[in-house]
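Here's the structure, in structure tokens; my notes come after.
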Amino acid sequence: MIKLNSIEKSYRHGLSQTFVLRRVNAEIKQGDFVSIMGPSGAGKSTLLHILGMHDSAWTGEYWLYDDPIHQLSAKDRMRLQKQHIGFVFQSYHLLDNLTVYENIDLPLSYRDVKKAEREGMVADILDRFNIVGKKDLFPNQLSGGQQQLVAIARAVVAKPSLILADEPTGNLHSDQGKEIMELFRRLNENGTTIVQVTHSKENASYGKRVINLKDGWIVDEN
Amino acid sequence: MLVQDIRYALRSFLRAPGFTLVALLTLALGIGGTTAIFSIVDGVLLRPLPYSDPGRILRINRVGANGGLDSFSAADYRDLKKDATSFSAIAGYRSDIVDMTGRSEPVRIIGVQTTAAFFDVFDAAPLLGRTYHEATDKPGAAVAVISETVWKQQFGSNPAVIGTHVLLNGAPTEIIGVVPEFLRHPQKSDVWMLSPFDVPTSPFGVDGNDSRDIHYFSVMARVARDRQLVEGQQQLKSIGDQVARDHQGNAGSTFKGEPLASSMVADVRTAMLVLLGAVGFVLLIACANVAGLLIARGAGRRRELAVRTALGAGRGRLLRQLLTESVVLALAGGALGMLVAVWTQYLLVSLAPENLPRLADITLDWRIASFAFAATITVGILFGLTPALQSSRPELNADLKDGGRTGTSRTGMRNVMVVGQVALALVLLIGAGLMLTSFSRLRSVDPGFRTTELVTVELMLPLARFDDTAQRNFYMSVHERLKANPVTANSAMLFPFPFGGGNAQAGLSVIGQPEKPAERRASADLYSISPGYLQTVGVRLIRGRDISDSDGPKSTPVVLISESAVKEFGGKDPIGEKIDMGDAFTVIGIVSDARRRSLDTPPRAAVYLPYTQFVLPYMGAVVRTDRGAGAVASAVKTAVAQIDPDLPIGDVKTMEQIIEESTGEPRFRSFLIASFAVLALLLAAVGVYGLISFTVTQRVPEIGVRLALGASPRQVFTQVIGQGLRLAVIGVVLGLFAAAGATTLVKGLLFNTSATDPVVYGSLAALLLAMAALACYVPARRAMRVDPMTALRSE
């Protein structure tokens, strides 16, 4: 599903150059559940954002299915991102002005799904995530765990084949964290490929594979 | 989808009421103020007169040897009319008081006696009936045209008014037409009548109708279609020069034609342009403010935009969302602005001095409303879209991480806006400060007489019924009766009232002194007064004696002269000397100078003649009393009714009212500029507040670190205030330089005030800095209270 060849990212500071990622080669198969781990500053989030196509200033080859992301225009990347990827953030990033329903509806509206169809899809997700009763609330009326639940619902509503999660339980206490990780496991069991960045070995244990990064290099992969 | 965007936009504004309120108010004031003021400037100054081909209408003046403008004499007019081939119509006209009787109550209205071509000059259709013309109506035809106002007020808008007969100053006259408001020239005229002669009738008796020396009426002309304006103007000059060569009394004079539109507004042109500039400044400041607000809002929304992008929103989609928000905001602001414009214009027109030219032409101009609306919307849209245009892929990751809270580098543009706002506001403040200083100095001028408890009553007489003797007898009888009434015992008869009550001048030629060339010949303001005038008004008799009852029509002609006239006597004691004013008048006394034309015109040489020896049908009564204008009006009405029951009295005003009216224009413009300056000051303060408040929000984590590292809240406070004041000081310095340049434009409007008055500059710069410090105070207090733990945790 994903193939990375010699991905590098660096920043220039005058004459010097600081590398964030060095010659990253990796392959992620359909249905995989990969955890990216490593100390702070290792380049975990950067790699995830490259996979999510939020970052375009890098070198190397990135293949998603058979599409060479490294060769595509911003417009084509956006099309593929919308088609295949859902993203979950550590700090949820729900939009404060929108209700739970409207937050979940947002990715569908960006994909030009017709209104009637969207209503069905959102209702289905609200039901699956058991948050129907909260659909008219605003994010500041929810707990952290509930907010992350909504964020995941928003990530999966457009039925992406790949979910990228950046420390999804980082701001949650352990019970809420477990609940979220169980949810990811179920999604993975239903065929969604998941790549998460985490510091937690316990969270990583929900996955099938771990990629360890240090100073931008992949130091271990199992 | 659009409905959804609009719903989200409305919701986001409701959830940020502070931002929304400030943005809406700024938009409303910017659009509303600009539209209202421009409507006034447009109506008074820019809009063409509503006549056919108005650029061809010229007001013709006689320019005297000393450069002063003068009215026409009958003989000069006839010479002009005979030789002026470049014109399709030339008309003379003179305003007069007209008593309209023959119906129910007698009514006193302002009439215009014109020659037959008057309406040919304007070439505009009447509202009803017809107007008179040179080709169809001969001098002396007993026909009149009335104004729309008189038609409505006196005839109940009855179309059958055409063909009816009324008595105008006792003469039966047929009403042949009604003219619309825009054709009401000169301003406030109500009835236009044909002169019985080829010139308007002279108020100085029939002699004036053939004289070259009695100047008493105005002239207008229309340049022929096949001639250029400049040809007409050149021909006027050459005719005037020829008349000056042919007639000794005209030596050094000429004729000059000025387009009617500019001659009507010549006195207020500079003030109007200054106002337009001022309101332009306010619009600029408002735009800068809205831009600043939107930039701040955009910077605070980087995280939201990054999330939307991460969820699949393309740049086009984000632009659409932000565009919707900006347009919704701008439309709401624009709608409010239109309301503000309507109210402001109504307020300004009601506050405008009555003598503001073309006041009736002022209407809300939708073209300029659309312009101001479009300008502000464009600014709103441009700056509202900036965050979307700035959102580029490589920063998405960072924006998601820091949530748009670290963005101090992006305040650069806002800093520039705030500095610009402060500078513009200071220019306006200084302009307003200078105007107000000037106005206050104008109002504190001593006019040379006591203005309190002085009531004036106009007692003009219709010439048709009152010849010289009848006029004299009437005024003497009124004065006798007033003196006998305790309310009006301290009274006198006078022509003219100071400050706009009429004008009469004469060459001041001292018998026995060598004759001066025409351009250096002195002229004096003429007064016609009754005994008791000096005491009533409070003008001092310096030497000699006052006019008394013994100075009758048949006794030796005598005059009082003012101090300023003494220098014309070549060092000799004027008392007992004679001056030539047709007859030889003996100087019997010297009185203190008094201002007559306006408070800002220094007193000129003045000659006071007894009303028994120099009578005009335009006199009035001045009464010193503490009983008020109402009591005086009723006493004068009773006195007049005892002499002539058909004669209404004219306006009754206190001298303070007259002075108020005479200073109406500078007061109006000072008020307007001061209003703009206050608005600009408030907007600039909002701008400074917005920026500093935004910066503090951005810097909360940094402030938390500083506090955690040992900075005292006082140090944080000082630093925040310092940041705001630094920008304000830069703005003030730029503003001072700009003001020094800009205020040279208002020099001509200032009275006894330097355009670079250091006190005004210094105090207003200090005021602006104080306002900026105040605007920084609230966010600085907020910065002081930042809790380091909370700040660092949120980081």
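Just remember, in the structure tokens the first chain shown is A, the second B, etc., residues are 1-based per chain, and ligands are 1-based in the order shown.
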Mind listing the helix (DSSP H, G or I) residues of region 525-606 of chain B, per DSSP on the backbone, as number ranges by chain?
B: 533-537, 563-569
Go ahead and write the residues just picked, N, CA and C atoms, as a CSV table (one decimal), in the first residue's frame.
chain,number,residue,atom,x,y,z
B,533,TYR,N,-28.9,105.9,18.8
B,533,TYR,CA,-28.2,104.7,18.3
B,533,TYR,C,-27.0,104.3,19.1
B,534,LEU,N,-26.1,105.3,19.3
B,534,LEU,CA,-24.8,105.0,20.0
B,534,LEU,C,-25.1,104.5,21.4
B,535,GLN,N,-26.0,105.1,22.1
B,535,GLN,CA,-26.3,104.7,23.5
B,535,GLN,C,-26.9,103.3,23.5
B,536,THR,N,-27.9,103.0,22.5
B,536,THR,CA,-28.6,101.8,22.5
B,536,THR,C,-27.6,100.6,22.2
B,537,VAL,N,-26.8,100.8,21.2
B,537,VAL,CA,-25.9,99.7,20.8
B,537,VAL,C,-24.6,99.6,21.6
B,563,GLU,N,-13.4,105.9,14.1
B,563,GLU,CA,-12.0,106.2,14.3
B,563,GLU,C,-11.1,105.8,13.0
B,564,SER,N,-11.5,104.7,12.3
B,564,SER,CA,-10.8,104.3,11.2
B,564,SER,C,-10.9,105.3,10.0
B,565,ALA,N,-11.9,106.2,10.1
B,565,ALA,CA,-12.0,107.1,9.0
B,565,ALA,C,-11.2,108.4,9.2
B,566,VAL,N,-10.6,108.5,10.4
B,566,VAL,CA,-9.9,109.8,10.8
B,566,VAL,C,-8.7,110.0,9.9
B,567,LYS,N,-8.0,108.9,9.5
B,567,LYS,CA,-6.8,109.0,8.8
B,567,LYS,C,-7.0,109.7,7.4
B,568,GLU,N,-8.2,109.6,6.9
B,568,GLU,CA,-8.5,110.2,5.6
B,568,GLU,C,-8.5,111.8,5.6
B,569,PHE,N,-8.4,112.3,6.8
B,569,PHE,CA,-8.4,113.8,6.9
B,569,PHE,C,-7.0,114.4,6.9
Give me, as a compact mmCIF listing (two decimals) with N, CA and C atoms, in the first residue's frame, the residues of chain A touching chain B, with the criterion being at most 6 Å (counting only C-alpha atoms).
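Contents of part33.txt, as written:
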# COMPACT_ATOMS: atom_id res chain seq x y z
N HIS A 54 0.56 16.36 4.44
CA HIS A 54 0.47 17.71 4.98
C HIS A 54 1.78 18.45 4.74
N ASP A 55 2.78 17.73 4.37
CA ASP A 55 4.12 18.29 4.19
C ASP A 55 4.59 17.90 2.79
N SER A 56 5.05 18.87 2.05
CA SER A 56 5.48 18.53 0.69
C SER A 56 6.96 18.86 0.46
N LYS A 82 -7.81 12.87 0.00
CA LYS A 82 -9.24 12.81 0.28
C LYS A 82 -9.78 11.40 0.08
N PRO A 107 -15.54 16.50 6.62
CA PRO A 107 -14.75 15.85 5.56
C PRO A 107 -15.62 15.42 4.38
N TYR A 110 -16.27 18.33 2.17
CA TYR A 110 -15.09 18.65 1.36
C TYR A 110 -14.91 17.65 0.22
Restricting to only C-alpha atoms, whichever of A:His84, A:Arg79, A:Val197, A:Asn97 is closest to Asn212 (chain A) is A:Val197
Counting only C-alpha atoms, what is within 9 Å of Ala332 (chain B), bar same-chain residues fewer than 3 positions away, as a PyMOL selection string?
chain B and resi 24+27-28+327-329+335-337
Just write the chosen residues, C-alpha atoms, as a PDB file, in the first residue's frame.
ATOM      1  CA  LEU B  24     -19.277  46.246  12.291  1.00  0.00           C
ATOM      2  CA  LEU B  27     -17.380  49.497   8.856  1.00  0.00           C
ATOM      3  CA  ALA B  28     -20.593  51.352   9.641  1.00  0.00           C
ATOM      4  CA  VAL B 327     -18.839  39.222   2.516  1.00  0.00           C
ATOM      5  CA  VAL B 328     -21.338  38.485   5.292  1.00  0.00           C
ATOM      6  CA  LEU B 329     -19.420  40.805   7.619  1.00  0.00           C
ATOM      7  CA  ALA B 335     -26.145  47.875   5.800  1.00  0.00           C
ATOM      8  CA  LEU B 336     -25.393  49.491   9.145  1.00  0.00           C
ATOM      9  CA  GLY B 337     -23.242  52.028   7.293  1.00  0.00           C
TER      10      GLY B 337
END
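Within 9 Å of region 212-215 of chain B there are B:Asp70, B:Ser71, B:Phe72, B:Ser73, B:Ala74, B:Ala75, B:Asp76, B:Tyr77, B:Ser202, B:Phe204, B:Asp207, B:His247, B:Gly249, B:Asn250, counting only C-alpha atoms and ignoring same-chain residues fewer than 5 positions away.
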Which polymer residues have any atom within 12 Å of an atom of Glu202 (chain A), counting only C-alpha atoms, with same-chain residues fewer than 6 positions away left out, as a PyMOL selection string?
chain A and resi 35+37+169+174+177-178+181-182+210
Please list as JSON, numbers by chain every residue within 6 Å of Thr456 (chain B), counting only C-alpha atoms and excluding residues in the same chain fewer than 5 positions away.
{"B": [621, 622, 652, 653, 654]}
Which residues come within 10 Å of region 474-490 of chain B, counting only C-alpha atoms, excluding same-chain residues fewer than 4 positions away, as an NGL selection string?
:B and (454-455 or 459-461 or 466 or 468-470 or 494 or 530-533 or 535-537 or 611-612 or 615-617 or 619-628 or 631-644)
If you run DSSP on the backbone, which residues of region 21-216 of chain A are strand (DSSP E or B), as a PyMOL selection string?
chain A and resi 21-28+33-37+59-64+67-68+85-88+162-166+193-197+209-214
Write out, as a compact mmCIF listing (two decimals), in the first residue's frame, the residues just selected, with N, CA and C atoms.
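So the final result, stored in result-v4.txt, reads:
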# COMPACT_ATOMS: atom_id res chain seq x y z
N LEU A 21 14.66 13.90 8.84
CA LEU A 21 14.53 12.50 8.43
C LEU A 21 15.69 12.16 7.50
N ARG A 22 16.28 10.95 7.67
CA ARG A 22 17.41 10.56 6.82
C ARG A 22 17.11 9.22 6.17
N ARG A 23 17.14 9.21 4.86
CA ARG A 23 17.06 7.97 4.06
C ARG A 23 16.06 6.96 4.65
N VAL A 24 14.85 7.41 4.84
CA VAL A 24 13.83 6.51 5.41
C VAL A 24 13.27 5.62 4.31
N ASN A 25 13.42 4.32 4.52
CA ASN A 25 12.85 3.34 3.59
C ASN A 25 11.88 2.49 4.40
N ALA A 26 10.67 2.36 3.91
CA ALA A 26 9.71 1.53 4.65
C ALA A 26 8.61 1.07 3.72
N GLU A 27 7.95 -0.02 4.14
CA GLU A 27 6.82 -0.51 3.35
C GLU A 27 5.69 -0.86 4.32
N ILE A 28 4.50 -0.39 3.98
CA ILE A 28 3.33 -0.68 4.83
C ILE A 28 2.29 -1.36 3.96
N PHE A 33 -1.10 -2.53 10.92
CA PHE A 33 -1.30 -1.61 12.05
C PHE A 33 0.10 -1.29 12.56
N VAL A 34 0.64 -0.15 12.12
CA VAL A 34 2.06 0.17 12.39
C VAL A 34 2.14 1.25 13.44
N SER A 35 3.04 1.04 14.41
CA SER A 35 3.31 2.10 15.39
C SER A 35 4.68 2.67 15.13
N ILE A 36 4.76 4.01 15.02
CA ILE A 36 6.07 4.67 14.86
C ILE A 36 6.46 5.19 16.22
N MET A 37 7.64 4.75 16.70
CA MET A 37 8.07 5.13 18.04
C MET A 37 9.43 5.80 17.98
N THR A 59 12.41 15.03 0.12
CA THR A 59 12.93 14.38 -1.09
C THR A 59 12.78 12.86 -0.92
N GLY A 60 12.93 12.16 -2.00
CA GLY A 60 12.79 10.69 -1.97
C GLY A 60 11.55 10.26 -2.73
N GLU A 61 11.19 8.99 -2.56
CA GLU A 61 10.03 8.47 -3.28
C GLU A 61 8.98 7.98 -2.30
N TYR A 62 7.74 8.37 -2.55
CA TYR A 62 6.61 7.95 -1.71
C TYR A 62 5.55 7.42 -2.65
N TRP A 63 5.33 6.12 -2.55
CA TRP A 63 4.30 5.48 -3.40
C TRP A 63 3.10 5.14 -2.52
N LEU A 64 1.92 5.57 -2.92
CA LEU A 64 0.68 5.18 -2.24
C LEU A 64 -0.11 4.38 -3.26
N ASP A 67 0.44 5.08 -7.00
CA ASP A 67 0.64 6.50 -7.34
C ASP A 67 1.94 7.04 -6.76
N PRO A 68 2.78 7.64 -7.60
CA PRO A 68 4.03 8.23 -7.10
C PRO A 68 3.76 9.61 -6.50
N ILE A 85 -7.14 8.79 2.89
CA ILE A 85 -6.55 9.00 4.22
C ILE A 85 -7.48 9.72 5.18
N GLY A 86 -7.47 9.23 6.43
CA GLY A 86 -8.11 9.95 7.53
C GLY A 86 -7.06 10.25 8.57
N PHE A 87 -7.18 11.39 9.25
CA PHE A 87 -6.12 11.80 10.17
C PHE A 87 -6.70 12.04 11.57
N VAL A 88 -5.97 11.54 12.58
CA VAL A 88 -6.37 11.78 13.98
C VAL A 88 -5.22 12.49 14.68
N LEU A 162 -6.75 4.27 4.95
CA LEU A 162 -5.58 4.46 5.82
C LEU A 162 -5.90 5.52 6.87
N ILE A 163 -5.66 5.15 8.14
CA ILE A 163 -5.82 6.16 9.19
C ILE A 163 -4.45 6.45 9.77
N LEU A 164 -4.11 7.77 9.80
CA LEU A 164 -2.86 8.20 10.40
C LEU A 164 -3.20 8.87 11.71
N ALA A 165 -2.60 8.41 12.81
CA ALA A 165 -2.94 8.96 14.12
C ALA A 165 -1.68 9.44 14.81
N ASP A 166 -1.69 10.73 15.19
CA ASP A 166 -0.51 11.32 15.82
C ASP A 166 -0.72 11.37 17.34
N THR A 193 -6.15 0.20 7.34
CA THR A 193 -4.72 0.25 7.67
C THR A 193 -4.51 1.41 8.64
N ILE A 194 -3.73 1.17 9.70
CA ILE A 194 -3.53 2.23 10.69
C ILE A 194 -2.04 2.44 10.91
N VAL A 195 -1.67 3.73 10.90
CA VAL A 195 -0.28 4.09 11.26
C VAL A 195 -0.40 5.10 12.39
N GLN A 196 0.17 4.74 13.53
CA GLN A 196 0.10 5.68 14.65
C GLN A 196 1.49 6.06 15.12
N VAL A 197 1.61 7.29 15.62
CA VAL A 197 2.84 7.71 16.31
C VAL A 197 2.53 7.61 17.78
N ARG A 209 3.10 -4.01 14.07
CA ARG A 209 4.48 -3.73 13.72
C ARG A 209 4.92 -2.42 14.37
N VAL A 210 6.21 -2.31 14.65
CA VAL A 210 6.74 -1.06 15.21
C VAL A 210 7.91 -0.59 14.35
N ILE A 211 7.92 0.72 14.04
CA ILE A 211 9.09 1.31 13.38
C ILE A 211 9.72 2.27 14.38
N ASN A 212 10.98 2.03 14.74
CA ASN A 212 11.66 2.91 15.70
C ASN A 212 12.52 3.92 14.97
N LEU A 213 12.34 5.17 15.31
CA LEU A 213 13.14 6.25 14.70
C LEU A 213 14.04 6.86 15.74
N LYS A 214 15.22 7.30 15.32
CA LYS A 214 16.10 8.08 16.19
C LYS A 214 16.90 9.04 15.33
Taking only C-alpha atoms into account, which of B:Ile162, B:Val230, B:Val112, B:Ile730 comes nearest Met193 (chain B)?
B:Val112
Of the candidates B:Val179, B:Leu683, B:Val150, B:Leu599, which one gets nearest to Leu283 (chain B) if we count only C-alpha atoms?
B:Leu683
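In this comparison, which uses only C-alpha atoms, the residue of B:Val223, B:Ala755, B:Leu679, B:Ile703 approaching Phe122 (chain B) most closely is B:Val223.
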